[in-house]
Structures are given as structure tokens and as C-alpha cells.
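Asker: If it helps, the file is called start32.txt and holds compact mmCIF, C-alpha atoms and all ligand atoms:
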# COMPACT_ATOMS: atom_id res chain seq x y z
CA MET A 1098 -19.20 -7.12 22.18
CA ARG A 1099 -21.52 -4.97 20.08
CA SER A 1100 -21.20 -6.39 16.60
CA SER A 1101 -20.91 -3.95 13.76
CA ARG A 1102 -23.64 -3.97 11.15
CA VAL A 1103 -21.75 -1.51 9.03
CA LYS A 1104 -20.55 -2.74 5.64
CA PRO A 1105 -17.05 -2.12 4.30
CA LEU A 1106 -18.47 0.01 1.47
CA GLU A 1107 -20.19 2.32 3.97
CA VAL A 1108 -16.89 2.75 5.81
CA PHE A 1109 -15.25 3.54 2.49
CA GLU A 1110 -17.88 6.20 1.79
CA ILE A 1111 -17.53 7.77 5.24
CA LEU A 1112 -13.74 7.96 4.88
CA LEU A 1113 -13.95 9.29 1.33
CA SER A 1114 -16.29 12.04 2.40
CA ALA A 1115 -14.09 12.84 5.44
CA TYR A 1116 -10.70 12.92 3.68
CA GLY A 1117 -11.47 13.16 -0.04
CA PRO A 1118 -9.77 11.12 -2.80
CA GLN A 1119 -6.15 10.24 -1.97
CA GLY A 1120 -5.10 9.58 -5.57
CA TRP A 1121 -2.81 6.67 -4.71
CA TRP A 1122 -0.34 5.45 -5.86
CA PRO A 1123 1.53 8.77 -6.27
CA VAL A 1124 3.90 8.94 -9.26
CA ASP A 1125 5.88 11.75 -10.86
CA GLU A 1126 4.23 11.88 -14.31
CA ASP A 1127 6.47 14.78 -15.42
CA TYR A 1128 9.60 12.75 -14.73
CA HIS A 1129 8.35 9.82 -16.79
CA ARG A 1130 7.19 12.05 -19.66
CA LYS A 1131 10.61 13.69 -19.74
CA HIS A 1132 12.55 10.41 -19.56
CA GLY A 1133 10.25 8.29 -21.71
CA THR A 1134 9.78 5.83 -18.84
CA ASP A 1135 6.66 4.10 -17.60
CA PRO A 1136 5.08 5.42 -14.36
CA ARG A 1137 4.14 1.86 -13.40
CA GLU A 1138 7.83 1.18 -12.88
CA GLU A 1139 7.91 3.83 -10.14
CA ILE A 1140 5.05 1.99 -8.42
CA VAL A 1141 6.94 -1.31 -8.56
CA ILE A 1142 10.09 0.33 -7.19
CA GLY A 1143 8.18 2.18 -4.45
CA ALA A 1144 6.35 -1.01 -3.45
CA VAL A 1145 9.63 -2.84 -2.88
CA ILE A 1146 11.49 -0.12 -1.03
CA THR A 1147 8.57 0.91 1.20
CA GLN A 1148 8.94 -2.29 3.26
CA ASN A 1149 9.73 -1.50 6.92
CA THR A 1150 10.10 2.23 6.51
CA SER A 1151 8.05 5.41 6.37
CA TRP A 1152 6.82 6.88 3.11
CA ARG A 1153 8.90 9.99 3.79
CA ASN A 1154 12.07 7.88 3.62
CA VAL A 1155 10.84 6.18 0.46
CA GLU A 1156 10.37 9.59 -1.15
CA LYS A 1157 13.97 10.53 -0.37
CA ALA A 1158 15.22 7.36 -2.07
CA LEU A 1159 12.92 7.94 -5.05
CA GLU A 1160 14.28 11.48 -5.35
CA ASN A 1161 17.82 10.06 -5.45
CA LEU A 1162 16.83 7.68 -8.24
CA LYS A 1163 15.25 10.56 -10.14
CA ARG A 1164 18.28 12.80 -9.74
CA HIS A 1165 20.39 10.05 -11.29
CA GLY A 1166 17.85 9.39 -14.02
CA VAL A 1167 17.39 5.75 -12.99
CA LEU A 1168 13.80 5.66 -11.79
CA SER A 1169 12.87 2.74 -14.04
CA LEU A 1170 13.35 -1.02 -14.08
CA LYS A 1171 16.05 -0.71 -16.73
CA GLY A 1172 17.71 2.04 -14.67
CA VAL A 1173 17.72 -0.21 -11.59
CA LEU A 1174 19.17 -3.14 -13.54
CA GLU A 1175 21.89 -1.05 -15.15
CA THR A 1176 22.99 0.77 -11.99
CA PRO A 1177 25.95 -0.95 -10.30
CA GLU A 1178 25.11 -2.58 -6.97
CA GLU A 1179 27.10 -0.21 -4.77
CA GLU A 1180 25.80 2.88 -6.49
CA LEU A 1181 22.23 1.68 -6.12
CA GLN A 1182 22.83 0.96 -2.43
CA ASP A 1183 23.87 4.57 -1.97
CA LEU A 1184 20.77 5.86 -3.72
CA LEU A 1185 18.49 3.65 -1.64
CA ARG A 1186 20.22 4.39 1.65
CA PRO A 1187 17.48 6.76 2.95
CA ALA A 1188 14.92 3.93 2.72
CA GLY A 1189 16.86 1.81 5.24
CA TYR A 1190 18.00 -1.83 4.85
CA TYR A 1191 19.57 -0.51 1.67
CA ARG A 1192 21.79 -3.51 0.94
CA LEU A 1193 18.90 -5.95 1.21
CA LYS A 1194 16.57 -3.63 -0.69
CA THR A 1195 19.12 -3.24 -3.49
CA THR A 1196 19.31 -7.01 -3.95
CA ARG A 1197 15.54 -7.38 -3.80
CA LEU A 1198 14.85 -4.48 -6.10
CA LYS A 1199 17.19 -5.91 -8.71
CA GLU A 1200 15.46 -9.31 -8.44
CA VAL A 1201 12.02 -7.76 -8.86
CA ALA A 1202 13.18 -5.51 -11.71
CA ARG A 1203 14.64 -8.54 -13.51
CA PHE A 1204 11.40 -10.47 -13.04
CA LEU A 1205 8.98 -7.69 -14.04
CA ASN A 1206 10.93 -6.21 -16.93
CA PRO A 1207 9.27 -5.25 -19.27
CA VAL A 1208 6.75 -3.76 -16.87
CA GLU A 1209 3.81 -4.81 -19.05
CA LYS A 1210 4.17 -8.13 -17.20
CA VAL A 1211 2.26 -6.60 -14.27
CA ARG A 1212 -0.91 -7.00 -16.35
CA THR A 1213 -0.59 -10.75 -16.72
CA VAL A 1214 1.78 -12.19 -14.11
CA LYS A 1215 0.17 -14.71 -11.76
CA ARG A 1216 0.13 -13.67 -8.10
CA GLU A 1217 1.67 -17.03 -7.09
CA GLU A 1218 4.57 -16.43 -9.49
CA LEU A 1219 5.16 -12.92 -8.17
CA LEU A 1220 5.16 -14.27 -4.62
CA LYS A 1221 8.02 -16.60 -5.51
CA VAL A 1222 10.34 -13.66 -6.22
CA LYS A 1223 12.65 -13.05 -3.27
CA GLY A 1224 11.53 -10.05 -1.27
CA VAL A 1225 7.97 -10.00 -2.56
CA GLY A 1226 5.56 -10.67 0.26
CA ARG A 1227 1.79 -10.64 0.00
CA GLU A 1228 1.40 -6.93 0.65
CA THR A 1229 4.09 -5.96 -1.88
CA ALA A 1230 2.61 -8.29 -4.49
CA ASP A 1231 -0.87 -6.88 -4.05
CA VAL A 1232 0.37 -3.27 -4.21
CA ILE A 1233 2.10 -4.09 -7.51
CA LEU A 1234 -0.91 -5.93 -8.93
CA LEU A 1235 -3.46 -3.33 -7.84
CA TYR A 1236 -1.67 -0.05 -8.47
CA ALA A 1237 0.71 -0.94 -11.31
CA GLY A 1238 -1.32 -3.74 -12.90
CA ASP A 1239 -4.84 -2.32 -12.44
CA ARG A 1240 -5.90 -5.72 -11.15
CA LEU A 1241 -8.45 -6.35 -8.45
CA HIS A 1242 -6.33 -7.39 -5.48
CA PHE A 1243 -7.13 -5.72 -2.16
CA VAL A 1244 -4.04 -4.65 -0.19
CA VAL A 1245 -3.95 -5.48 3.52
CA ASP A 1246 -1.34 -3.78 5.68
CA ALA A 1247 -0.86 -3.32 9.42
CA TYR A 1248 -3.08 -0.21 9.43
CA THR A 1249 -5.86 -2.09 7.65
CA ARG A 1250 -5.67 -4.96 10.14
CA ARG A 1251 -5.86 -2.54 13.06
CA ILE A 1252 -8.88 -0.65 11.73
CA VAL A 1253 -10.79 -3.76 10.64
CA GLU A 1254 -10.34 -5.30 14.05
CA ARG A 1255 -11.56 -2.18 15.80
CA VAL A 1256 -14.35 -1.08 13.48
CA PHE A 1257 -15.80 -4.45 12.45
CA GLY A 1258 -14.49 -6.69 15.23
CA VAL A 1259 -12.96 -8.90 12.51
CA ARG A 1260 -9.55 -10.58 12.82
CA GLY A 1261 -7.64 -12.87 10.52
CA GLY A 1262 -4.48 -13.55 8.60
CA TYR A 1263 -3.54 -11.71 5.44
CA GLU A 1264 -5.40 -13.98 3.02
CA ASP A 1265 -8.53 -14.08 5.22
CA LEU A 1266 -8.78 -10.31 5.38
CA LYS A 1267 -8.01 -9.89 1.69
CA ALA A 1268 -10.80 -12.35 0.84
CA TRP A 1269 -13.15 -10.67 3.32
CA PHE A 1270 -12.70 -7.29 1.61
CA GLU A 1271 -12.88 -8.74 -1.89
CA GLU A 1272 -16.12 -10.59 -1.11
CA SER A 1273 -17.73 -7.51 0.45
CA LEU A 1274 -16.70 -4.77 -1.98
CA PRO A 1275 -17.88 -4.09 -5.53
CA ARG A 1276 -15.31 -5.20 -8.11
CA ASP A 1277 -14.21 -1.64 -8.76
CA LEU A 1278 -10.58 -0.56 -9.13
CA TYR A 1279 -11.31 2.95 -7.93
CA VAL A 1280 -12.79 1.62 -4.69
CA TYR A 1281 -9.91 -0.82 -4.10
CA LYS A 1282 -7.24 1.81 -4.73
CA GLU A 1283 -8.85 4.61 -2.75
CA PHE A 1284 -10.00 2.43 0.14
CA HIS A 1285 -6.50 1.17 0.90
CA ALA A 1286 -5.15 4.74 0.81
CA LEU A 1287 -8.03 6.05 2.94
CA LEU A 1288 -7.48 3.37 5.59
CA ASP A 1289 -3.82 4.38 5.83
CA GLU A 1290 -4.79 8.04 6.13
CA HIS A 1291 -7.34 7.20 8.82
CA ALA A 1292 -4.80 5.18 10.80
CA LYS A 1293 -2.48 8.18 10.82
CA ARG A 1294 -5.11 10.77 11.70
CA PHE A 1295 -7.38 9.01 14.22
CA CYS A 1296 -7.00 5.27 14.49
CA ARG A 1297 -3.47 5.39 15.87
CA LYS A 1298 -2.04 2.80 18.22
CA ALA A 1299 -3.71 4.81 20.97
CA PRO A 1300 -6.92 5.71 19.11
CA LEU A 1301 -8.36 9.24 19.06
CA CYS A 1302 -12.02 8.23 19.07
CA THR A 1303 -13.43 11.61 19.95
CA GLY A 1304 -14.12 13.35 16.68
CA CYS A 1305 -13.29 10.25 14.62
CA PRO A 1306 -15.51 10.09 11.51
CA LEU A 1307 -16.07 6.35 12.13
CA SER A 1308 -17.01 6.59 15.81
CA ARG A 1309 -20.72 6.19 14.98
CA VAL A 1310 -20.15 2.82 13.31
CA CYS A 1311 -17.05 1.49 15.07
CA THR A 1312 -17.37 -1.37 17.57
CA LEU A 1313 -14.33 -0.55 19.70
CA PRO A 1314 -15.66 2.30 21.86
CA TRP A 1315 -18.70 0.14 22.73
CA ARG A 1316 -16.92 -2.99 23.84
CA SER A 1317 -17.09 -3.83 27.52
CA GLY A 1318 -13.74 -3.24 29.09
CA SER A 1319 -12.69 -0.89 26.29
CA PRO A 1320 -9.90 1.30 27.64
CA ILE A 1321 -11.17 4.33 25.78
CA GLY A 1322 -14.84 4.63 26.71
CA ARG A 1323 -17.64 5.73 24.47
CA PRO A 1324 -17.03 8.66 22.16
S1 LIG B 1401 -13.73 5.21 16.80
FE1 LIG B 1401 -11.66 4.95 17.62
S2 LIG B 1401 -11.15 2.79 17.30
FE2 LIG B 1401 -12.89 3.28 15.98
S3 LIG B 1401 -12.01 3.86 14.02
FE3 LIG B 1401 -12.27 5.74 15.17
S4 LIG B 1401 -10.31 6.03 16.20
FE4 LIG B 1401 -10.37 3.91 15.51
Go ahead and render the structure in this file as C-alpha cells.
Ligand code: SF4

Answerer:
Amino acid sequence: MRSSRVKPLEVFEILLSAYGPQGWWPVDEDYHRKHGTDPREEIVIGAVITQNTSWRNVEKALENLKRHGVLSLKGVLETPEEELQDLLRPAGYYRLKTTRLKEVARFLNPVEKVRTVKREELLKVKGVGRETADVILLYAGDRLHFVVDAYTRRIVERVFGVRGGYEDLKAWFEESLPRDLYVYKEFHALLDEHAKRFCRKAPLCTGCPLSRVCTLPWRSGSPIGRP
């Protein structure tokens, strides 16, 4: 296999110049200004309900919460279980997500806790896996935790020829990247964008902005051939 000499930061720069800043995590600042709520609470809520569903479905559930004026941790805690289930229905697994969201809201209320909570403590809350915890810490807490999701794993394996479990890949990114919140936040979003545009399950290597540095098209036996 041709090993990649490219560094994660170079891949970040290529993707940033190809797609531009993604501005993640998206929040509705107007809503929070109007309701006197904290936008970080929308990030926490989105991070919990995005599990096992598409972002489009998450947006529908967030819209429901907004329409009912409960897009906040306090709003989640004060909304009766059945009502909250209805609002979260578009995000799928709505019963489970309602229970989990209430648990997380109870644990992280007031939301300022995202600045200080230990990752190990957050991981003990039911329904908070590694990816959810790191999304909350990075995007709501402005803390340097790299988020690894299925898209990231796919791209890292193809571009760098690197495989590993969640903690291995998280450490690999964190050791290679500058300790810069902007880079962490944008890179995760750019990897997701890249997985949707080119590095799909069946990759579209022709025209891919990373084809020059990616190992996959060069591997012997690669099903896709050289770009
Ligand atoms: S060249 Fe192909 S495998 Fe590599 S990143 Fe691009 S789409 Fe993915």
C-alpha cells in the first residue's frame, strides 16, 4: 500500500479551500436572543437527538421545540414526557431520545457546566456516548476534544490508511493538529461535508479534492482505480 505522507492539517487546508468554512455547530441566534436562552443549549440538545438519524430530521425536531418555545435545557425539563416525545418524533427513536435528553438536560443544567465538566463524568450520563460527549465539549464548551464519527473513520482509513477505535483516532488527530478550536470545529464539519460530496460509501474519486493525497486509489486491488 502506498503510505500517505500527507498531514492531517494539510487535508484540513485542502478541504477548507474546496468547501469554505462550514460554521458548525449551527444555532438559531435570533431564537435565543428573543427567548433569553443560551445557544449552547441548542448544541447540547442537537447533539443528543442527532444520534442515528439524519441532520434533516434533527432540524424538524428542533423546529418543533422552537415553535413550542422549549429549545432550552429548562424547556426540556419542564415539558411533560409525552409532549416532548411528540416534539422529538421526527428525529426517530423519540421515546428513548426523550428519556436521554431529559437525563442530559438534568445533568448539564445550568449549561455553564459544559465549560468545566469532566469528559469521564459526561460519559457516565445515560445516552452520552463518546461522539456525543465530544460534540458537546467541543461545540458547546469550546474545549479541545476532536469529534470522530463514522464519516471521519471512513475518510481517515482511505486517505491516510489509518484505522483504530474511537479513542485511538481521537488521540491521533489531537496529537497531529495544532491546539486550535477553529481547526477542530471546522475540520469535523469539513470531513462530514466531504463524506457526503465525494467520499461516499462508493467513493467518487474522480474530481475529489483529496485524490492527489489520498492512499485509496493507489492501493493494489483497489476497486476504483487511479483517479
Ligand atoms: S480520492 Fe476517493 S477515497 Fe480518497 S478521499 Fe477522495 S473520494 Fe475518498

Asker: Check the smallest atom-to-atom distance from each of A:Thr1134, A:Ile1146, A:Ala1188, A:Ala1115 to Lys1171 (chain A) using all atoms listed in the file, then report the winner.

Answerer: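 Answer, going by the shortest atom-to-atom distance: A:Thr1134.
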
Asker: List all protein, DNA and RNA residues that have an atom no more than 7 Å from any atom of ligand LIG 1401 (chain B), counting all atoms listed in the file, and report them as a list in words.

Answerer: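 Using all atoms listed in the file, I find these residues within 7 Å of ligand LIG 1401 (chain B): Ile1252, Arg1255, Val1256, Phe1295, Cys1296, Arg1297, Pro1300, Leu1301, Cys1302, Cys1305, Pro1306, Leu1307, Ser1308, Cys1311, Thr1312, Leu1313 and Pro1314 of chain A.
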
Asker: For C-alpha atoms, I'd like the residues from the last selection saved as an mmCIF file, in the coordinates of the input.

Answerer:
data_model
loop_
_atom_site.group_PDB
_atom_site.id
_atom_site.type_symbol
_atom_site.label_atom_id
_atom_site.label_comp_id
_atom_site.auth_asym_id
_atom_site.auth_seq_id
_atom_site.Cartn_x
_atom_site.Cartn_y
_atom_site.Cartn_z
ATOM 1 C CA ILE A 1252 -8.880 -0.650 11.730
ATOM 2 C CA ARG A 1255 -11.560 -2.180 15.800
ATOM 3 C CA VAL A 1256 -14.350 -1.080 13.480
ATOM 4 C CA PHE A 1295 -7.380 9.010 14.220
ATOM 5 C CA CYS A 1296 -7.000 5.270 14.490
ATOM 6 C CA ARG A 1297 -3.470 5.390 15.870
ATOM 7 C CA PRO A 1300 -6.920 5.710 19.110
ATOM 8 C CA LEU A 1301 -8.360 9.240 19.060
ATOM 9 C CA CYS A 1302 -12.020 8.230 19.070
ATOM 10 C CA CYS A 1305 -13.290 10.250 14.620
ATOM 11 C CA PRO A 1306 -15.510 10.090 11.510
ATOM 12 C CA LEU A 1307 -16.070 6.350 12.130
ATOM 13 C CA SER A 1308 -17.010 6.590 15.810
ATOM 14 C CA CYS A 1311 -17.050 1.490 15.070
ATOM 15 C CA THR A 1312 -17.370 -1.370 17.570
ATOM 16 C CA LEU A 1313 -14.330 -0.550 19.700
ATOM 17 C CA PRO A 1314 -15.660 2.300 21.860
#

Asker: From the list A:Leu1205, A:Ala1292, A:Leu1170, A:Leu1241, which residue is nearest Pro1275 (chain A) when using only C-alpha atoms?

Answerer: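 When distances to Pro1275 (chain A) are compared using only C-alpha atoms, the smallest one comes from A:Leu1241.
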
Asker: Skipping near chain neighbours, those fewer than 5 positions away, what residues fall within 7 Å of region 1225-1238 of chain A using all atoms listed in the file, listed as a list in words?

Answerer: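 The contact residues come out as Trp1122, Arg1137, Ile1140, Val1141, Ala1144, Val1145, Val1211, Arg1212, Arg1216, Leu1219, Leu1220, Phe1243, Val1244, Val1245, Asp1246 and Lys1282 of chain A.
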
Asker: Which polymer residues, protein or nucleic acid, are no farther than 10 Å from (-18.8, -3.1, 12.4), counting only C-alpha atoms, as a PyMOL selection string?

Answerer: chain A and resi 1099-1105+1108+1253-1259+1307+1309-1313

Asker: Find the residue from A:Leu1113, A:Gly1224, A:Asn1154, A:Tyr1248 that sits nearest to Tyr1279 (chain A); use only C-alpha atoms when measuring.

Answerer: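 Comparing A:Leu1113, A:Gly1224, A:Asn1154, A:Tyr1248 against Tyr1279 (chain A), the winner is A:Leu1113.
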
Asker: Between CA of Leu1287 (chain A) and CA of Tyr1116 (chain A), what is the distance, to one decimal in Å?

Answerer: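 Between these atoms lies a distance of 7.4 Å.
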
Asker: Provide region 1291-1302 of chain A rebuilt to all heavy atoms, formatted as a compact mmCIF listing (two decimals), in the frame of the given file.

Answerer:
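File result11.txt, as written:
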# COMPACT_ATOMS: atom_id res chain seq x y z
N HIS A 1291 -6.55 7.23 7.58
CA HIS A 1291 -7.34 7.20 8.82
C HIS A 1291 -6.51 6.70 10.00
O HIS A 1291 -6.63 7.21 11.12
CB HIS A 1291 -8.57 6.31 8.62
CG HIS A 1291 -9.47 6.30 9.80
ND1 HIS A 1291 -10.06 7.44 10.28
CD2 HIS A 1291 -9.86 5.30 10.63
CE1 HIS A 1291 -10.77 7.15 11.36
NE2 HIS A 1291 -10.67 5.86 11.59
N ALA A 1292 -5.65 5.72 9.73
CA ALA A 1292 -4.80 5.18 10.80
C ALA A 1292 -3.83 6.25 11.29
O ALA A 1292 -3.45 6.26 12.46
CB ALA A 1292 -4.04 3.97 10.30
N LYS A 1293 -3.42 7.13 10.40
CA LYS A 1293 -2.48 8.18 10.82
C LYS A 1293 -3.20 9.30 11.55
O LYS A 1293 -2.69 9.87 12.50
CB LYS A 1293 -1.76 8.74 9.59
CG LYS A 1293 -0.72 7.77 9.02
CD LYS A 1293 -0.13 8.29 7.73
CE LYS A 1293 0.48 7.15 6.94
NZ LYS A 1293 0.53 7.40 5.51
N ARG A 1294 -4.43 9.62 11.10
CA ARG A 1294 -5.11 10.77 11.70
C ARG A 1294 -5.82 10.43 13.01
O ARG A 1294 -5.72 11.16 13.98
CB ARG A 1294 -6.17 11.31 10.74
CG ARG A 1294 -5.57 11.92 9.49
CD ARG A 1294 -6.51 12.97 8.96
NE ARG A 1294 -6.27 13.24 7.55
CZ ARG A 1294 -6.86 14.21 6.90
NH1 ARG A 1294 -7.74 14.97 7.51
NH2 ARG A 1294 -6.60 14.40 5.63
N PHE A 1295 -6.58 9.33 13.03
CA PHE A 1295 -7.38 9.01 14.22
C PHE A 1295 -7.11 7.64 14.81
O PHE A 1295 -6.97 7.51 16.03
CB PHE A 1295 -8.88 9.10 13.89
CG PHE A 1295 -9.39 10.49 13.72
CD1 PHE A 1295 -9.49 11.05 12.46
CD2 PHE A 1295 -9.75 11.27 14.82
CE1 PHE A 1295 -9.95 12.34 12.28
CE2 PHE A 1295 -10.21 12.57 14.66
CZ PHE A 1295 -10.31 13.11 13.39
N CYS A 1296 -7.06 6.62 13.94
CA CYS A 1296 -7.00 5.27 14.49
C CYS A 1296 -5.54 4.86 14.71
O CYS A 1296 -5.04 3.90 14.15
CB CYS A 1296 -7.73 4.29 13.56
SG CYS A 1296 -8.39 2.89 14.49
N ARG A 1297 -4.88 5.66 15.55
CA ARG A 1297 -3.47 5.39 15.87
C ARG A 1297 -3.41 4.23 16.85
O ARG A 1297 -4.44 3.76 17.31
CB ARG A 1297 -2.86 6.64 16.50
CG ARG A 1297 -2.97 7.84 15.57
CD ARG A 1297 -2.46 9.08 16.26
NE ARG A 1297 -2.61 10.24 15.39
CZ ARG A 1297 -2.35 11.47 15.76
NH1 ARG A 1297 -1.95 11.74 16.98
NH2 ARG A 1297 -2.52 12.46 14.90
N LYS A 1298 -2.17 3.88 17.23
CA LYS A 1298 -2.04 2.80 18.22
C LYS A 1298 -2.92 3.10 19.42
O LYS A 1298 -3.67 2.28 19.90
CB LYS A 1298 -0.57 2.67 18.65
CG LYS A 1298 0.09 1.51 17.99
CD LYS A 1298 1.48 1.30 18.52
CE LYS A 1298 2.25 0.53 17.47
NZ LYS A 1298 3.67 0.68 17.56
N ALA A 1299 -2.78 4.35 19.94
CA ALA A 1299 -3.71 4.81 20.97
C ALA A 1299 -4.76 5.63 20.22
O ALA A 1299 -4.49 6.75 19.78
CB ALA A 1299 -2.98 5.66 21.98
N PRO A 1300 -5.97 5.08 20.01
CA PRO A 1300 -6.92 5.71 19.11
C PRO A 1300 -7.49 7.03 19.64
O PRO A 1300 -7.70 7.19 20.84
CB PRO A 1300 -8.03 4.67 18.98
CG PRO A 1300 -7.92 3.83 20.20
CD PRO A 1300 -6.48 3.82 20.59
N LEU A 1301 -7.74 7.96 18.71
CA LEU A 1301 -8.36 9.24 19.06
C LEU A 1301 -9.83 9.17 18.65
O LEU A 1301 -10.22 9.67 17.60
CB LEU A 1301 -7.66 10.37 18.30
CG LEU A 1301 -6.15 10.48 18.46
CD1 LEU A 1301 -5.56 11.52 17.52
CD2 LEU A 1301 -5.80 10.82 19.91
N CYS A 1302 -10.65 8.51 19.49
CA CYS A 1302 -12.02 8.23 19.07
C CYS A 1302 -12.92 9.45 19.08
O CYS A 1302 -13.90 9.51 18.33
CB CYS A 1302 -12.62 7.13 19.95
SG CYS A 1302 -11.69 5.60 19.81
